[in-house]
Every structure is written in C-alpha cells, then in structure tokens.
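Text of the file my_file_0.pdb, holding PDB, C-alpha atoms, pLDDT in the B column:
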```pdb
ATOM      1  CA  MET K   1      32.715 -20.190 -52.137  1.00 72.00           C
ATOM      2  CA  SER K   2      29.642 -21.000 -50.058  1.00 90.00           C
ATOM      3  CA  ALA K   3      28.285 -23.626 -52.416  1.00 97.00           C
ATOM      4  CA  LEU K   4      28.784 -25.388 -55.716  1.00 98.00           C
ATOM      5  CA  VAL K   5      25.379 -26.136 -57.201  1.00 98.00           C
ATOM      6  CA  TRP K   6      24.498 -28.191 -60.253  1.00 98.00           C
ATOM      7  CA  ILE K   7      20.962 -28.125 -61.663  1.00 98.00           C
ATOM      8  CA  SER K   8      20.049 -30.265 -64.630  1.00 97.00           C
ATOM      9  CA  GLY K   9      17.525 -28.799 -67.028  1.00 95.00           C
ATOM     10  CA  ALA K  10      17.949 -25.245 -65.735  1.00 95.00           C
ATOM     11  CA  SER K  11      17.255 -23.623 -69.094  1.00 93.00           C
ATOM     12  CA  ALA K  12      13.513 -23.237 -68.395  1.00 93.00           C
ATOM     13  CA  GLY K  13      10.649 -23.943 -65.998  1.00 95.00           C
ATOM     14  CA  ILE K  14      11.375 -25.203 -62.502  1.00 97.00           C
ATOM     15  CA  GLY K  15      15.072 -25.627 -63.287  1.00 96.00           C
ATOM     16  CA  ALA K  16      15.463 -21.978 -64.300  1.00 96.00           C
ATOM     17  CA  ALA K  17      13.568 -20.889 -61.181  1.00 96.00           C
ATOM     18  CA  LEU K  18      15.827 -23.047 -59.010  1.00 97.00           C
ATOM     19  CA  ALA K  19      18.903 -21.452 -60.568  1.00 96.00           C
ATOM     20  CA  ALA K  20      17.500 -17.970 -59.973  1.00 96.00           C
ATOM     21  CA  THR K  21      16.661 -18.586 -56.307  1.00 97.00           C
ATOM     22  CA  VAL K  22      19.751 -20.378 -54.969  1.00 97.00           C
ATOM     23  CA  PRO K  23      19.752 -19.402 -51.269  1.00 96.00           C
ATOM     24  CA  PHE K  24      23.503 -19.534 -50.698  1.00 95.00           C
ATOM     25  CA  PRO K  25      25.567 -16.339 -51.052  1.00 92.00           C
ATOM     26  CA  ASP K  26      28.443 -16.457 -53.539  1.00 92.00           C
ATOM     27  CA  ALA K  27      27.272 -19.819 -54.862  1.00 96.00           C
ATOM     28  CA  ARG K  28      28.580 -21.066 -58.173  1.00 96.00           C
ATOM     29  CA  VAL K  29      25.657 -22.407 -60.195  1.00 97.00           C
ATOM     30  CA  VAL K  30      26.092 -24.724 -63.171  1.00 97.00           C
ATOM     31  CA  ASP K  31      23.271 -25.631 -65.531  1.00 97.00           C
ATOM     32  CA  ILE K  32      23.512 -29.072 -67.137  1.00 97.00           C
ATOM     33  CA  SER K  33      21.316 -28.998 -70.231  1.00 96.00           C
ATOM     34  CA  ARG K  34      21.315 -28.849 -73.999  1.00 95.00           C
ATOM     35  CA  ARG K  35      20.304 -25.179 -74.366  1.00 92.00           C
ATOM     36  CA  GLY K  36      21.786 -23.447 -71.322  1.00 89.00           C
ATOM     37  CA  GLY K  37      20.123 -21.197 -68.809  1.00 77.00           C
ATOM     38  CA  THR K  38      22.432 -19.867 -66.103  1.00 72.00           C
ATOM     39  CA  ALA K  39      25.609 -17.880 -66.623  1.00 70.00           C
ATOM     40  CA  GLU K  40      27.628 -21.087 -66.441  1.00 94.00           C
ATOM     41  CA  HIS K  41      26.514 -23.874 -68.754  1.00 97.00           C
ATOM     42  CA  PHE K  42      27.735 -27.454 -69.077  1.00 97.00           C
ATOM     43  CA  LYS K  43      26.244 -28.562 -72.379  1.00 97.00           C
ATOM     44  CA  ALA K  44      24.938 -32.121 -72.330  1.00 98.00           C
ATOM     45  CA  ASP K  45      22.090 -34.130 -73.802  1.00 98.00           C
ATOM     46  CA  LEU K  46      20.975 -36.187 -70.826  1.00 98.00           C
ATOM     47  CA  ALA K  47      18.913 -38.511 -73.036  1.00 98.00           C
ATOM     48  CA  ASP K  48      22.189 -39.588 -74.667  1.00 98.00           C
ATOM     49  CA  PRO K  49      24.208 -42.122 -72.631  1.00 98.00           C
ATOM     50  CA  ALA K  50      27.382 -40.897 -74.306  1.00 97.00           C
ATOM     51  CA  ASP K  51      27.027 -37.615 -72.417  1.00 98.00           C
ATOM     52  CA  TRP K  52      26.546 -39.234 -69.008  1.00 98.00           C
ATOM     53  CA  SER K  53      30.245 -40.075 -68.757  1.00 98.00           C
ATOM     54  CA  ARG K  54      31.116 -36.467 -69.631  1.00 98.00           C
ATOM     55  CA  VAL K  55      28.950 -35.231 -66.765  1.00 98.00           C
ATOM     56  CA  ALA K  56      30.544 -37.775 -64.418  1.00 98.00           C
ATOM     57  CA  GLU K  57      34.020 -36.611 -65.400  1.00 98.00           C
ATOM     58  CA  HIS K  58      32.924 -32.986 -64.850  1.00 98.00           C
ATOM     59  CA  PHE K  59      31.676 -33.793 -61.338  1.00 98.00           C
ATOM     60  CA  ALA K  60      34.933 -35.566 -60.509  1.00 98.00           C
ATOM     61  CA  ALA K  61      37.144 -32.794 -61.841  1.00 98.00           C
ATOM     62  CA  GLU K  62      35.261 -29.990 -60.077  1.00 98.00           C
ATOM     63  CA  LEU K  63      35.088 -31.784 -56.731  1.00 98.00           C
ATOM     64  CA  SER K  64      38.584 -33.261 -56.610  1.00 97.00           C
ATOM     65  CA  THR K  65      39.971 -30.237 -54.733  1.00 96.00           C
ATOM     66  CA  TYR K  66      36.742 -28.556 -53.600  1.00 97.00           C
ATOM     67  CA  ASP K  67      36.967 -26.861 -50.191  1.00 95.00           C
ATOM     68  CA  GLY K  68      33.691 -24.909 -49.950  1.00 96.00           C
ATOM     69  CA  ASP K  69      30.805 -25.242 -47.519  1.00 96.00           C
ATOM     70  CA  ARG K  70      28.420 -27.442 -49.504  1.00 98.00           C
ATOM     71  CA  VAL K  71      27.797 -29.160 -52.801  1.00 98.00           C
ATOM     72  CA  VAL K  72      24.344 -29.684 -54.279  1.00 98.00           C
ATOM     73  CA  PHE K  73      23.078 -31.566 -57.311  1.00 98.00           C
ATOM     74  CA  ILE K  74      19.405 -31.110 -58.202  1.00 98.00           C
ATOM     75  CA  HIS K  75      18.362 -33.431 -60.996  1.00 98.00           C
ATOM     76  CA  ASN K  76      15.399 -31.711 -62.580  1.00 97.00           C
ATOM     77  CA  ALA K  77      15.664 -32.706 -66.248  1.00 97.00           C
ATOM     78  CA  GLY K  78      12.877 -34.881 -67.614  1.00 97.00           C
ATOM     79  CA  THR K  79      10.339 -35.150 -70.401  1.00 97.00           C
ATOM     80  CA  ILE K  80       6.653 -35.967 -70.733  1.00 96.00           C
ATOM     81  CA  THR K  81       7.096 -36.621 -74.472  1.00 96.00           C
ATOM     82  CA  PRO K  82       5.847 -38.756 -76.138  1.00 97.00           C
ATOM     83  CA  ILE K  83       2.330 -38.703 -74.678  1.00 97.00           C
ATOM     84  CA  GLY K  84       0.080 -41.542 -75.765  1.00 97.00           C
ATOM     85  CA  PRO K  85      -0.170 -45.332 -75.568  1.00 97.00           C
ATOM     86  CA  ALA K  86       3.246 -46.999 -75.375  1.00 97.00           C
ATOM     87  CA  ALA K  87       2.455 -49.308 -78.279  1.00 97.00           C
ATOM     88  CA  GLY K  88       1.797 -46.369 -80.596  1.00 97.00           C
ATOM     89  CA  ALA K  89       4.717 -44.153 -79.573  1.00 97.00           C
ATOM     90  CA  ASP K  90       7.553 -43.284 -81.911  1.00 97.00           C
ATOM     91  CA  PRO K  91      10.266 -45.816 -80.952  1.00 98.00           C
ATOM     92  CA  ASP K  92      13.158 -43.342 -80.999  1.00 98.00           C
ATOM     93  CA  ALA K  93      11.281 -40.713 -78.968  1.00 98.00           C
ATOM     94  CA  TYR K  94      10.132 -43.345 -76.497  1.00 98.00           C
ATOM     95  CA  THR K  95      13.674 -44.673 -76.051  1.00 98.00           C
ATOM     96  CA  ARG K  96      14.988 -41.159 -75.392  1.00 98.00           C
ATOM     97  CA  ALA K  97      12.245 -40.615 -72.821  1.00 98.00           C
ATOM     98  CA  VAL K  98      13.083 -43.844 -70.990  1.00 98.00           C
ATOM     99  CA  LEU K  99      16.786 -42.974 -70.946  1.00 98.00           C
ATOM    100  CA  LEU K 100      16.149 -39.436 -69.677  1.00 98.00           C
ATOM    101  CA  ASN K 101      13.432 -40.225 -67.150  1.00 98.00           C
ATOM    102  CA  SER K 102      14.577 -43.575 -65.757  1.00 98.00           C
ATOM    103  CA  ALA K 103      18.256 -44.194 -66.449  1.00 98.00           C
ATOM    104  CA  ALA K 104      19.863 -40.748 -66.365  1.00 98.00           C
ATOM    105  CA  PRO K 105      18.805 -39.929 -62.773  1.00 98.00           C
ATOM    106  CA  GLN K 106      20.340 -43.151 -61.473  1.00 98.00           C
ATOM    107  CA  VAL K 107      23.561 -42.909 -63.482  1.00 98.00           C
ATOM    108  CA  LEU K 108      24.133 -39.223 -62.784  1.00 98.00           C
ATOM    109  CA  GLY K 109      23.109 -39.577 -59.147  1.00 98.00           C
ATOM    110  CA  ALA K 110      25.631 -42.364 -58.649  1.00 98.00           C
ATOM    111  CA  ALA K 111      28.295 -40.285 -60.419  1.00 98.00           C
ATOM    112  CA  PHE K 112      27.675 -37.363 -58.061  1.00 98.00           C
ATOM    113  CA  LEU K 113      27.917 -39.656 -55.032  1.00 98.00           C
ATOM    114  CA  ARG K 114      31.235 -41.080 -56.236  1.00 98.00           C
ATOM    115  CA  ALA K 115      32.680 -37.665 -57.012  1.00 98.00           C
ATOM    116  CA  SER K 116      31.655 -36.176 -53.649  1.00 98.00           C
ATOM    117  CA  ALA K 117      32.352 -39.196 -51.417  1.00 97.00           C
ATOM    118  CA  HIS K 118      35.681 -37.837 -50.139  1.00 97.00           C
ATOM    119  CA  LEU K 119      34.238 -34.485 -49.057  1.00 97.00           C
ATOM    120  CA  THR K 120      33.391 -33.599 -45.464  1.00 96.00           C
ATOM    121  CA  CYS K 121      31.222 -30.573 -46.252  1.00 97.00           C
ATOM    122  CA  GLU K 122      27.428 -30.635 -46.645  1.00 97.00           C
ATOM    123  CA  ARG K 123      26.353 -32.761 -49.600  1.00 98.00           C
ATOM    124  CA  HIS K 124      22.842 -32.767 -51.026  1.00 98.00           C
ATOM    125  CA  LEU K 125      21.354 -34.768 -53.888  1.00 98.00           C
ATOM    126  CA  VAL K 126      17.783 -33.788 -54.790  1.00 98.00           C
ATOM    127  CA  MET K 127      15.764 -35.653 -57.397  1.00 98.00           C
ATOM    128  CA  LEU K 128      12.614 -34.101 -58.884  1.00 98.00           C
ATOM    129  CA  SER K 129       9.683 -36.480 -58.723  1.00 98.00           C
ATOM    130  CA  SER K 130       5.958 -36.204 -59.382  1.00 97.00           C
ATOM    131  CA  GLY K 131       2.592 -37.471 -58.263  1.00 95.00           C
ATOM    132  CA  ALA K 132       2.929 -39.618 -61.390  1.00 96.00           C
ATOM    133  CA  ALA K 133       5.353 -41.800 -59.416  1.00 97.00           C
ATOM    134  CA  THR K 134       2.366 -43.325 -57.619  1.00 96.00           C
ATOM    135  CA  THR K 135      -0.569 -42.522 -59.936  1.00 95.00           C
ATOM    136  CA  ALA K 136      -0.709 -44.379 -63.243  1.00 94.00           C
ATOM    137  CA  TYR K 137      -1.875 -41.909 -65.887  1.00 96.00           C
ATOM    138  CA  SER K 138      -2.743 -43.588 -69.170  1.00 97.00           C
ATOM    139  CA  GLY K 139      -0.535 -42.100 -71.898  1.00 97.00           C
ATOM    140  CA  TRP K 140       2.354 -41.261 -69.579  1.00 97.00           C
ATOM    141  CA  SER K 141       4.024 -44.665 -69.287  1.00 98.00           C
ATOM    142  CA  SER K 142       7.651 -43.542 -69.687  1.00 97.00           C
ATOM    143  CA  TYR K 143       7.133 -40.547 -67.392  1.00 97.00           C
ATOM    144  CA  ASN K 144       5.201 -42.508 -64.742  1.00 97.00           C
ATOM    145  CA  ALA K 145       7.769 -45.293 -64.709  1.00 98.00           C
ATOM    146  CA  GLY K 146      10.677 -42.850 -64.640  1.00 98.00           C
ATOM    147  CA  LYS K 147       9.400 -41.006 -61.572  1.00 98.00           C
ATOM    148  CA  ALA K 148       8.628 -44.283 -59.792  1.00 98.00           C
ATOM    149  CA  ALA K 149      12.194 -45.412 -60.522  1.00 98.00           C
ATOM    150  CA  VAL K 150      13.591 -42.142 -59.177  1.00 98.00           C
ATOM    151  CA  GLU K 151      11.723 -42.484 -55.895  1.00 98.00           C
ATOM    152  CA  HIS K 152      12.729 -46.085 -55.267  1.00 98.00           C
ATOM    153  CA  TRP K 153      16.340 -45.309 -56.171  1.00 98.00           C
ATOM    154  CA  VAL K 154      16.305 -42.459 -53.630  1.00 98.00           C
ATOM    155  CA  ARG K 155      14.835 -44.694 -50.903  1.00 98.00           C
ATOM    156  CA  THR K 156      17.449 -47.359 -51.543  1.00 98.00           C
ATOM    157  CA  VAL K 157      20.519 -45.165 -51.896  1.00 98.00           C
ATOM    158  CA  GLY K 158      19.443 -43.062 -48.936  1.00 98.00           C
ATOM    159  CA  GLN K 159      19.669 -46.198 -46.802  1.00 98.00           C
ATOM    160  CA  GLU K 160      23.196 -46.789 -48.042  1.00 98.00           C
ATOM    161  CA  GLN K 161      24.566 -43.467 -46.781  1.00 97.00           C
ATOM    162  CA  PRO K 162      26.618 -43.286 -43.585  1.00 96.00           C
ATOM    163  CA  THR K 163      25.480 -40.820 -40.928  1.00 94.00           C
ATOM    164  CA  ASP K 164      27.857 -38.198 -42.342  1.00 94.00           C
ATOM    165  CA  GLY K 165      27.099 -39.037 -45.965  1.00 96.00           C
ATOM    166  CA  CYS K 166      25.224 -37.258 -48.711  1.00 98.00           C
ATOM    167  CA  ARG K 167      21.587 -36.291 -47.964  1.00 98.00           C
ATOM    168  CA  ILE K 168      19.415 -37.720 -50.714  1.00 98.00           C
ATOM    169  CA  ILE K 169      15.753 -36.835 -51.190  1.00 98.00           C
ATOM    170  CA  ALA K 170      13.103 -36.882 -53.908  1.00 98.00           C
ATOM    171  CA  VAL K 171      10.513 -34.131 -54.094  1.00 98.00           C
ATOM    172  CA  ALA K 172       7.292 -33.798 -56.056  1.00 98.00           C
ATOM    173  CA  PRO K 173       6.651 -30.068 -56.536  1.00 96.00           C
ATOM    174  CA  GLY K 174       2.952 -30.333 -57.408  1.00 95.00           C
ATOM    175  CA  VAL K 175       1.413 -29.230 -60.689  1.00 95.00           C
ATOM    176  CA  VAL K 176       3.551 -26.327 -61.871  1.00 96.00           C
ATOM    177  CA  ASP K 177       2.726 -23.827 -64.613  1.00 94.00           C
ATOM    178  CA  THR K 178       5.483 -24.669 -67.101  1.00 94.00           C
ATOM    179  CA  ALA K 179       5.832 -25.479 -70.797  1.00 90.00           C
ATOM    180  CA  MET K 180       5.309 -29.134 -69.893  1.00 92.00           C
ATOM    181  CA  GLN K 181       1.827 -28.295 -68.634  1.00 94.00           C
ATOM    182  CA  SER K 182       1.067 -26.475 -71.887  1.00 93.00           C
ATOM    183  CA  GLU K 183       2.133 -29.567 -73.797  1.00 94.00           C
ATOM    184  CA  ILE K 184      -0.089 -31.747 -71.619  1.00 96.00           C
ATOM    185  CA  ARG K 185      -3.134 -29.528 -72.188  1.00 97.00           C
ATOM    186  CA  SER K 186      -2.583 -29.566 -75.961  1.00 95.00           C
ATOM    187  CA  THR K 187      -2.737 -33.379 -76.053  1.00 96.00           C
ATOM    188  CA  PRO K 188      -5.922 -34.937 -77.467  1.00 95.00           C
ATOM    189  CA  GLU K 189      -8.040 -36.969 -75.070  1.00 96.00           C
ATOM    190  CA  THR K 190      -7.461 -40.085 -77.185  1.00 95.00           C
ATOM    191  CA  ASP K 191      -3.766 -39.961 -76.206  1.00 96.00           C
ATOM    192  CA  PHE K 192      -4.263 -38.673 -72.662  1.00 96.00           C
ATOM    193  CA  PRO K 193      -7.695 -39.482 -71.187  1.00 96.00           C
ATOM    194  CA  ALA K 194      -7.115 -37.345 -68.055  1.00 94.00           C
ATOM    195  CA  VAL K 195      -6.415 -34.156 -70.016  1.00 96.00           C
ATOM    196  CA  ASP K 196      -9.593 -32.410 -68.745  1.00 96.00           C
ATOM    197  CA  ARG K 197      -8.246 -32.493 -65.189  1.00 95.00           C
ATOM    198  CA  PHE K 198      -5.240 -30.427 -66.267  1.00 95.00           C
ATOM    199  CA  HIS K 199      -7.404 -27.957 -68.193  1.00 94.00           C
ATOM    200  CA  ASN K 200      -9.421 -27.486 -64.994  1.00 96.00           C
ATOM    201  CA  LEU K 201      -6.303 -26.908 -62.904  1.00 95.00           C
ATOM    202  CA  LYS K 202      -5.264 -24.139 -65.285  1.00 95.00           C
ATOM    203  CA  THR K 203      -8.661 -22.442 -65.524  1.00 95.00           C
ATOM    204  CA  THR K 204      -9.215 -22.519 -61.749  1.00 96.00           C
ATOM    205  CA  GLY K 205      -5.789 -21.064 -60.960  1.00 94.00           C
ATOM    206  CA  ALA K 206      -4.661 -24.204 -59.140  1.00 94.00           C
ATOM    207  CA  LEU K 207      -1.221 -24.367 -60.747  1.00 94.00           C
ATOM    208  CA  THR K 208       1.887 -23.512 -58.723  1.00 95.00           C
ATOM    209  CA  THR K 209       4.376 -21.029 -60.151  1.00 96.00           C
ATOM    210  CA  PRO K 210       7.919 -22.241 -60.887  1.00 96.00           C
ATOM    211  CA  GLU K 211       9.228 -19.696 -58.367  1.00 97.00           C
ATOM    212  CA  THR K 212       7.004 -21.017 -55.573  1.00 97.00           C
ATOM    213  CA  ALA K 213       8.018 -24.572 -56.386  1.00 97.00           C
ATOM    214  CA  ALA K 214      11.699 -23.627 -56.383  1.00 97.00           C
ATOM    215  CA  THR K 215      11.449 -21.884 -53.017  1.00 97.00           C
ATOM    216  CA  GLY K 216       9.766 -24.964 -51.568  1.00 98.00           C
ATOM    217  CA  ILE K 217      12.433 -27.271 -52.938  1.00 98.00           C
ATOM    218  CA  TRP K 218      15.267 -25.166 -51.543  1.00 98.00           C
ATOM    219  CA  SER K 219      13.559 -25.075 -48.136  1.00 97.00           C
ATOM    220  CA  LEU K 220      13.872 -28.857 -47.874  1.00 98.00           C
ATOM    221  CA  LEU K 221      17.645 -28.640 -47.538  1.00 97.00           C
ATOM    222  CA  ALA K 222      17.186 -27.040 -44.105  1.00 95.00           C
ATOM    223  CA  ARG K 223      14.667 -29.635 -42.908  1.00 95.00           C
ATOM    224  CA  HIS K 224      15.706 -32.677 -40.915  1.00 93.00           C
ATOM    225  CA  LEU K 225      14.265 -35.259 -43.283  1.00 96.00           C
ATOM    226  CA  PRO K 226      15.400 -38.885 -43.001  1.00 97.00           C
ATOM    227  CA  ASN K 227      17.849 -39.845 -45.705  1.00 98.00           C
ATOM    228  CA  GLY K 228      16.025 -41.341 -48.666  1.00 98.00           C
ATOM    229  CA  THR K 229      12.821 -39.363 -48.038  1.00 98.00           C
ATOM    230  CA  CYS K 230      10.370 -38.969 -50.920  1.00 98.00           C
ATOM    231  CA  THR K 231       8.048 -36.053 -50.260  1.00 97.00           C
ATOM    232  CA  ASP K 232       5.451 -33.872 -51.929  1.00 97.00           C
ATOM    233  CA  LEU K 233       5.529 -30.111 -51.380  1.00 96.00           C
ATOM    234  CA  ARG K 234       1.749 -30.113 -51.219  1.00 94.00           C
ATOM    235  CA  THR K 235       1.815 -32.181 -48.016  1.00 93.00           C
ATOM    236  CA  LEU K 236       4.266 -30.000 -46.081  1.00 86.00           C
TER     237      LEU K 236
END
```

Can the structure in the file be given as structure tokens, please?
Amino acid sequence: MSALVWISGASAGIGAALAATVPFPDARVVDISRRGGTAEHFKADLADPADWSRVAEHFAAELSTYDGDRVVFIHNAGTITPIGPAAGADPDAYTRAVLLNSAAPQVLGAAFLRASAHLTCERHLVMLSSGAATTAYSGWSSYNAGKAAVEHWVRTVGQEQPTDGCRIIAVAPGVVDTAMQSEIRSTPETDFPAVDRFHNLKTTGALTTPETAATGIWSLLARHLPNGTCTDLRTL
C-alpha cells in the first residue's frame, strides 16, 4: 500500500474532490463523515465529542501495524452554520459549530499524531483553513474563531515536531464553489453584511472549483514548507 489517507468531510465539496484526486497509486482512502462519500466510510459526527474517541481508536488500530509508504490525515470538515450575530444564534447549533470548527481539529489532530508517532514513514497532517482566520466577518463568529484556532494550533504543534516527525500545515484554499458558498449567498444582509461580496465573486466567475482546490492542496505535500506553515493557495 502506497498510502493510507483519511479525509474528514469527504462526502461533498472540497473533501469529495480531495478523495477523488489522491495522487498516490494504490492508496486506501477513508472518509470520516456522517453521510459517507468514498468507497470506505468511517461514520462519525465530528460535532459530537462522543465520536472523537471513536475516531482516535480507529487511527490507533489502523496504524498499529502499518508498514506502507505514507499516512495522511486531511481535516476538512467544518460548518459555516449558523450565520448571524452570536447573540441571536440558536444555542444548540452554535455549540455544535464551535465543537466542529474549533475543538474537533485539535482533538483529532492530536489523536492522529499519537497514533502515528511510532511510524518512520512519511506522515502528513493537513488542516483546512480560510481567509476567515485573519479577517473578521460579522456573522461568522464561530467559523472565524475556528479557523483562527486551527492556524495557531498548526503553528504551535508544528514547532513541537522532531526533524523526522509529522509534517503539519494549514491551507486556505480560497473561495471555492461549494454548497457552503450557496448557503452564504442565501443569507440575508442583516445576518451577513458582506454577502454582496460573495454574490459578486459568483457572478464574475471568481470562484475556484473544488477540483482545482484539491489539486492545489495535494501539491503542498511535495513542497518543502517549514513545519507549522499556514498558507493560502492564492499566494503560491
């Protein structure tokens, strides 16, 4: 086996495109999501902390005797919902968003590092970020904060790796034409004041396709980026 690849949220959008464009021959690809996307599906609700331990146990079991060339975990799962002022958001939906966007990447990332620590093959941990990590969009508080948390976690944990450790990066793919973008454009301006910008990106053809984003993300694994790098595909 050339690679064992996990992609969270591979049932649609960028995650599905990543699963369809894995560049390693004979790779085993596992989708971690609620709905399932690839041929092999590990069903988990990543907004539910009870499922995080199940994913951690899955990583540990699969990697305990792994002898392939490389292991990769791309954490892509996230949500923009609920959009609107934090004070007016549905409490349960907001809590799920915070758990999925902020806590799950850290907990699952740490679980992957533990499970793969004994391996001597290539190890890659890629976290999906966004321009929202550094730009505060009114109405996106849980999403903004989650992506900022992801990037600072990557910078910190990247510093912790030995020279032969896991390569950890965060990547913002740009504005990609997915269902999330449709949801953003359907939001009233009262909940998301910057909505016109995203309508303009769509009408002017400025959105990136999921396939282009996926190809760009995979290309980063061959680049000599410092461990803990946070990058934006639009700047490369």

Residue among K:Asp164, K:Gly37, K:Ala111, K:Thr208 lying closest to K:Ala20, counting all atoms listed in the file: K:Gly37

Hits of the PyMOL selection byres ((chain K and resi 236) around 12) in this structure, as JSON, numbers by chain: {"K": [171, 172, 173, 174, 216, 217, 219, 220, 223, 225, 230, 231, 232, 233, 234, 235]}

Atom pair atom CA of K:Arg114 / atom CA of K:Arg70: separation (Å):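 We find that atom CA of K:Arg114 and atom CA of K:Arg70 lie 15.5 Å from each other.
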
Contacts of K:Arg35 at 10 Å (all atoms listed in the file; same-chain gap of 5+ positions) as a PyMOL selection string: chain K and resi 9-12+41-45

Counting all atoms listed in the file, the residue of K:Thr21, K:Gln161, K:Thr209, K:Ser130 that sits nearest K:Asn76: K:Ser130

From K:Ala170, K:Leu108, K:Leu46, K:Val195, residue lying nearest K:Arg34 [all atoms listed in the file]: K:Leu46

d(atom CA of K:Thr212, atom CA of K:Leu100) in Å: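 It comes out at 24.9 Å.
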
Counting all atoms listed in the file, the residue of K:Thr178, K:Thr190, K:Thr120, K:Thr229 that sits nearest K:Glu211: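 Looking only at the distances to K:Glu211, the closest residue turns out to be K:Thr178.
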